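S.K.: Below you will find the structure I want to go over with you.
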Amino acid sequence: MSLELSRRDLLKAGGALVISLAFDGIPRSRVAAQSTEDRFLGKPVAGDAVDSFLAVNGDGSVTIFMGKVDLGTGARIAYRQMAGEELDVPVERIALIEGDTALTPDQGPTAGSQGITRGGVEVRRAAATARQALVGFAARRLGRPAEDLEVVDGLIRPKGGGDGLHYAELVGGQRFEMKMDDKAPLKKPESYRVVGKSLQRPDVPDKVTGRHVYVHDFTLPNMLHARVVRPPAVRAELTSVDEKSIARIPGARVVRIKDFLAIVAESEWNAVKAARALKVMWSSTASLMDQASMFATLRQGPFVRDEAIVNKGDAGAGFGQGRRLVKASYNWPMQSHASMGPSCAVADVKPDGATVWTASQATHRMRVTFARLFGMPREKIRIIYLDGAGCYGMNGHDDAAADAFLLSRTLGRPVRVQWSRQDEHGWDPKAPPQMLDIRAALDEQGRVVAWETEAFLPLATANLPNIPLLAPQAAGIEQPLGLSAGLIFQNTDPPYDFPNVRSVIHWLKDAPLRPSNFRAPGKPANSFAVESFVDELASAAGQDPLAFRIQHLREQRGLDVLTRLGRRMGWTPRPSPRALDPTARVLTGRGMAYVHYKHAETRVAVGMEVEVERATGRVRVTRVACTHDCGLMINPDCVQSQVEGNILQTLSRTLYEEVKFDRFRVTSVDWTSYPILAFPNVPALDIELINRSDQPPLGAGEAASTPVPAALANAIFDATGARLRDVPLTADKLKAALGFRS
């Protein structure tokens, strides 16, 4: 038997080898994986270059480069599907590098449900441009018109058969050196082979077997471990440190930069022990407002400015025409990200450059921020994304990265910083409090003729880059550019076709605690108010809540989502609340809510069925139904997971979660004082995904969270006749509303 191999056979063997490396032998060491990725250093990262987004390797496999990252959404398989579809390359032969500022284009933070809508769409365009170029290369090599060629699994061949050329033979290991072509033809939905299929996620096997490398697992040679010593009060100043108090702990030493205080040691446990044993004196600073009066205080200002977000028709005239005025006020508390694992980061700062490994969802933005904070040229800083323990908004990951950077720069060695549970709950940036006052006028037929929302929001949530990081703030480093909290004012106005609508934001000068973006920034709170109030209007008009919404909505995809929800729930028209049985110990009810996310993206309707113990006020959600239209679904199973996660996380936020604080500090610093939804309380989930393959893909990472709070409040109202307008919807609040006292 001949041992000689043709070039084509060698390429095929190489392709098989790539499959083995990518899925059967995922490196347990992130350092080893990084050294492999570094062969791409020096490649373009500009947002308009094909080479910024993909490379055809020498063996015919493909590597794609994404500035967006996978926060647990399944984007790692979805990006491969989008690129593989346009390139006609099996997803098993596509590797992904994400969130590395040295290797990936800046596609903005992984936020706003734009991972697929921007990140995926851009790599799809790059893949389509590359395919068009490769077919052109093959046409010239084969002496055939491009239209006579077809692509099958990375092989370009004449239609009807004959010898062809693999991608590797055309450009393998070389760059395309071309701009993306917006006119490069994209595949039509009817020809999709992998887009729209529920392919398995490549990261799941290692996650369920404990082999996946999270940022917490990442280590470097000669690395120090650190714990930051936090003050006992917000804005407290450091007055004295007794370094002798940790003298007996081997290798532990103190790092102090103004009010920034940390312990470093050769082992993490010694750093933890030393941080606990260190004797420190801080100033006593009662700088926080009283929590009991927080909402009333914030409604009084001071205000920076008022901003009209929506001004449709003439709301003033509409109120003059109305026959019945309805008004209500709603409050949403501060909430913690409550990540299951505390934040962590590793930094290696050297005189000639710095590298930071972080779970931040905004690595490119972090590079800009760190360059300005620490006076280092941007091109000398490299930020590399590694999975964390969940964020969906700015939790402590960015702060931990700043901690590690500052310490590594000071000590000249790599430093790993991991927060404690008390740090995570106590010091992560908080989803800010939100307050909405709404009034509306109904005509004689019960139709809405005027609507006005007044929202009270901290100015730091106006998408301004002014949220400070803790380490530079404590160290006295001026922060010319902070982080932003997202467009928190969206969906303060209703999605219905009301003729006269006005929505005004009163921008507050201050927030009680450092604010942050949280999943679907601001929209669950805004929709809680808007959709609860729509239910109140339906009740005031004596109409069925679903029928009331449908009669005020014209947008067809929204109507489809609502009518499908009605069918899924077996909705029987009647007004809310239902007729109450005065002898029943357990009351049952139903409720629903709808959102057109940001008035431009995904449409979602959520329905709930609840049981309420009359004497205790305890609420049990028995069933959640959801109809969800996010346009084209790249991977329906990933969308399903995202919808389920949105629903459960926001149920937790609505029923249980509230940051507690006194005049000095956050006091809800563990899972007892900050409870979350537990497995025994998970309801049955009934989800209908509407796939519109002829429409652009929209986001699935946030939208389904938005209608959840109102659907729950509306179901409680239907069951009990009690309207709860202050989240969390606790048993004590409901018991009080029902006339019971502890």
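All residue names refer to the structure tokens as shown: chains lettered A, B, ... in order, residues numbered from 1 in each chain, ligands numbered from 1 in order.
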Could I get the residues of range 377-403 of chain A with an atom no further than 10 Å from an atom of range 416-420 of chain A, each paired with its nearest atom pair and that distance in Å to one decimal, using only C-alpha atoms, sorted by chain and residue number, as JSON lines?
M.R.:
{"residue": "A:Gly396", "atom": "CA", "partner": "A:Trp419", "partner_atom": "CA", "distance": 8.3}
{"residue": "A:His397", "atom": "CA", "partner": "A:Trp419", "partner_atom": "CA", "distance": 9.3}
{"residue": "A:Asp399", "atom": "CA", "partner": "A:Trp419", "partner_atom": "CA", "distance": 9.7}
{"residue": "A:Ala400", "atom": "CA", "partner": "A:Val417", "partner_atom": "CA", "distance": 6.2}
{"residue": "A:Ala401", "atom": "CA", "partner": "A:Val417", "partner_atom": "CA", "distance": 7.7}
{"residue": "A:Ala402", "atom": "CA", "partner": "A:Val417", "partner_atom": "CA", "distance": 9.5}
{"residue": "A:Asp403", "atom": "CA", "partner": "A:Val417", "partner_atom": "CA", "distance": 6.9}
S.K.: May I have a table of the residues of range 31-139 of chain A lying at most 7 Å from range 166-184 of chain A, giving each one's closest pair of atoms and their distance in Å to one decimal, counting only C-alpha atoms, ordered by chain and ascending residue number, as JSON lines?
M.R.:
{"residue": "A:Asp48", "atom": "CA", "partner": "A:Met180", "partner_atom": "CA", "distance": 5.6}
{"residue": "A:Ala49", "atom": "CA", "partner": "A:Lys179", "partner_atom": "CA", "distance": 4.5}
{"residue": "A:Val50", "atom": "CA", "partner": "A:Met180", "partner_atom": "CA", "distance": 5.4}
{"residue": "A:Asp51", "atom": "CA", "partner": "A:Phe176", "partner_atom": "CA", "distance": 6.1}
{"residue": "A:Ala55", "atom": "CA", "partner": "A:Arg175", "partner_atom": "CA", "distance": 6.9}
{"residue": "A:Val56", "atom": "CA", "partner": "A:Gly172", "partner_atom": "CA", "distance": 5.2}
{"residue": "A:Asn57", "atom": "CA", "partner": "A:Gly173", "partner_atom": "CA", "distance": 4.6}
{"residue": "A:Gly58", "atom": "CA", "partner": "A:Gly172", "partner_atom": "CA", "distance": 4.2}
{"residue": "A:Asp59", "atom": "CA", "partner": "A:Ala168", "partner_atom": "CA", "distance": 6.0}
{"residue": "A:Gly60", "atom": "CA", "partner": "A:Ala168", "partner_atom": "CA", "distance": 4.4}
{"residue": "A:Arg125", "atom": "CA", "partner": "A:Met180", "partner_atom": "CA", "distance": 6.9}
{"residue": "A:Ala126", "atom": "CA", "partner": "A:Met180", "partner_atom": "CA", "distance": 5.7}
{"residue": "A:Ala128", "atom": "CA", "partner": "A:Ala184", "partner_atom": "CA", "distance": 5.9}
{"residue": "A:Thr129", "atom": "CA", "partner": "A:Ala184", "partner_atom": "CA", "distance": 5.4}
{"residue": "A:Gln132", "atom": "CA", "partner": "A:Ala184", "partner_atom": "CA", "distance": 6.7}
{"residue": "A:Leu134", "atom": "CA", "partner": "A:Leu170", "partner_atom": "CA", "distance": 7.0}
{"residue": "A:Phe137", "atom": "CA", "partner": "A:Leu170", "partner_atom": "CA", "distance": 6.7}
S.K.: Do a neighbour search on Pro351 in chain A at 12 Å with only C-alpha atoms, toss out local chain neighbours closer than 5 positions, and write the hits as a list in words.
M.R.: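 Contacts, with the query itself left out: Gly375, Met376, Pro377, Lys380, Ile381, Ser408, Arg409, Thr410, Leu411, Gly412 and Arg413 of chain A.
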S.K.: Near range 277-285 of chain A, within 12 Å and counting only C-alpha atoms, which residues show up once chain neighbours fewer than 4 positions away are dropped, as number ranges by chain?
M.R.: A: 227-249, 252-256, 259-264, 270-273, 289, 662-665
S.K.: Deliver the residues from the most recent selection as a file, using C-alpha atoms, as a PDB file, in the first residue's frame.
M.R.:
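Final file, selection_13.pdb:
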ATOM      1  CA  ARG A 227      -7.914  40.751  48.457  1.00  0.00           C
ATOM      2  CA  VAL A 228      -9.036  44.356  48.566  1.00  0.00           C
ATOM      3  CA  VAL A 229      -9.948  45.540  52.052  1.00  0.00           C
ATOM      4  CA  ARG A 230     -13.186  47.476  51.773  1.00  0.00           C
ATOM      5  CA  PRO A 231     -14.219  50.265  54.149  1.00  0.00           C
ATOM      6  CA  PRO A 232     -17.110  49.784  56.569  1.00  0.00           C
ATOM      7  CA  ALA A 233     -18.973  52.710  55.030  1.00  0.00           C
ATOM      8  CA  VAL A 234     -19.455  54.224  51.594  1.00  0.00           C
ATOM      9  CA  ARG A 235     -17.070  57.147  51.066  1.00  0.00           C
ATOM     10  CA  ALA A 236     -15.153  56.384  54.286  1.00  0.00           C
ATOM     11  CA  GLU A 237     -11.507  57.484  54.402  1.00  0.00           C
ATOM     12  CA  LEU A 238      -8.597  55.352  55.585  1.00  0.00           C
ATOM     13  CA  THR A 239      -7.000  56.761  58.758  1.00  0.00           C
ATOM     14  CA  SER A 240      -4.534  54.076  59.905  1.00  0.00           C
ATOM     15  CA  VAL A 241      -3.269  50.564  59.131  1.00  0.00           C
ATOM     16  CA  ASP A 242      -1.468  48.241  61.531  1.00  0.00           C
ATOM     17  CA  GLU A 243       0.725  46.165  59.230  1.00  0.00           C
ATOM     18  CA  LYS A 244       2.133  44.232  62.195  1.00  0.00           C
ATOM     19  CA  SER A 245      -1.298  42.669  62.708  1.00  0.00           C
ATOM     20  CA  ILE A 246      -0.648  40.282  59.802  1.00  0.00           C
ATOM     21  CA  ALA A 247       3.035  39.609  60.508  1.00  0.00           C
ATOM     22  CA  ARG A 248       2.406  35.952  61.329  1.00  0.00           C
ATOM     23  CA  ILE A 249       0.761  35.170  57.962  1.00  0.00           C
ATOM     24  CA  ALA A 252       1.262  38.534  53.223  1.00  0.00           C
ATOM     25  CA  ARG A 253       1.879  42.234  52.792  1.00  0.00           C
ATOM     26  CA  VAL A 254      -0.114  45.439  52.657  1.00  0.00           C
ATOM     27  CA  VAL A 255      -0.531  47.702  49.637  1.00  0.00           C
ATOM     28  CA  ARG A 256      -1.926  51.141  50.352  1.00  0.00           C
ATOM     29  CA  ASP A 259      -7.731  55.080  50.543  1.00  0.00           C
ATOM     30  CA  PHE A 260      -7.178  51.972  48.391  1.00  0.00           C
ATOM     31  CA  LEU A 261      -6.097  49.121  50.639  1.00  0.00           C
ATOM     32  CA  ALA A 262      -5.260  45.553  49.666  1.00  0.00           C
ATOM     33  CA  ILE A 263      -3.481  42.457  50.891  1.00  0.00           C
ATOM     34  CA  VAL A 264      -1.271  40.444  48.531  1.00  0.00           C
ATOM     35  CA  ASN A 270      -3.137  33.599  52.972  1.00  0.00           C
ATOM     36  CA  ALA A 271      -4.495  36.717  51.274  1.00  0.00           C
ATOM     37  CA  VAL A 272      -7.969  35.937  52.632  1.00  0.00           C
ATOM     38  CA  LYS A 273      -6.688  35.295  56.161  1.00  0.00           C
ATOM     39  CA  MET A 289     -29.985  58.592  52.547  1.00  0.00           C
ATOM     40  CA  ASP A 662     -28.485  51.985  56.286  1.00  0.00           C
ATOM     41  CA  ARG A 663     -26.890  55.422  56.470  1.00  0.00           C
ATOM     42  CA  PHE A 664     -23.410  53.869  56.191  1.00  0.00           C
ATOM     43  CA  ARG A 665     -23.389  50.790  53.988  1.00  0.00           C
TER      44      ARG A 665
END
S.K.: Can you pull out the residues contacting range 603-612 of chain A? Cut-off 8 Å, using only C-alpha atoms, and skip same-chain residues under 2 positions away; I want them as JSON, numbers by chain.
M.R.: {"A": [557, 558, 561, 562, 565, 569, 586, 587, 588, 589, 590, 591, 592, 593, 594, 595, 596, 597, 601, 614, 617, 618, 619, 620, 621, 622, 623, 624, 625, 626, 627, 628, 629, 630, 703, 704, 707, 708, 711, 712, 715, 716, 719, 720]}
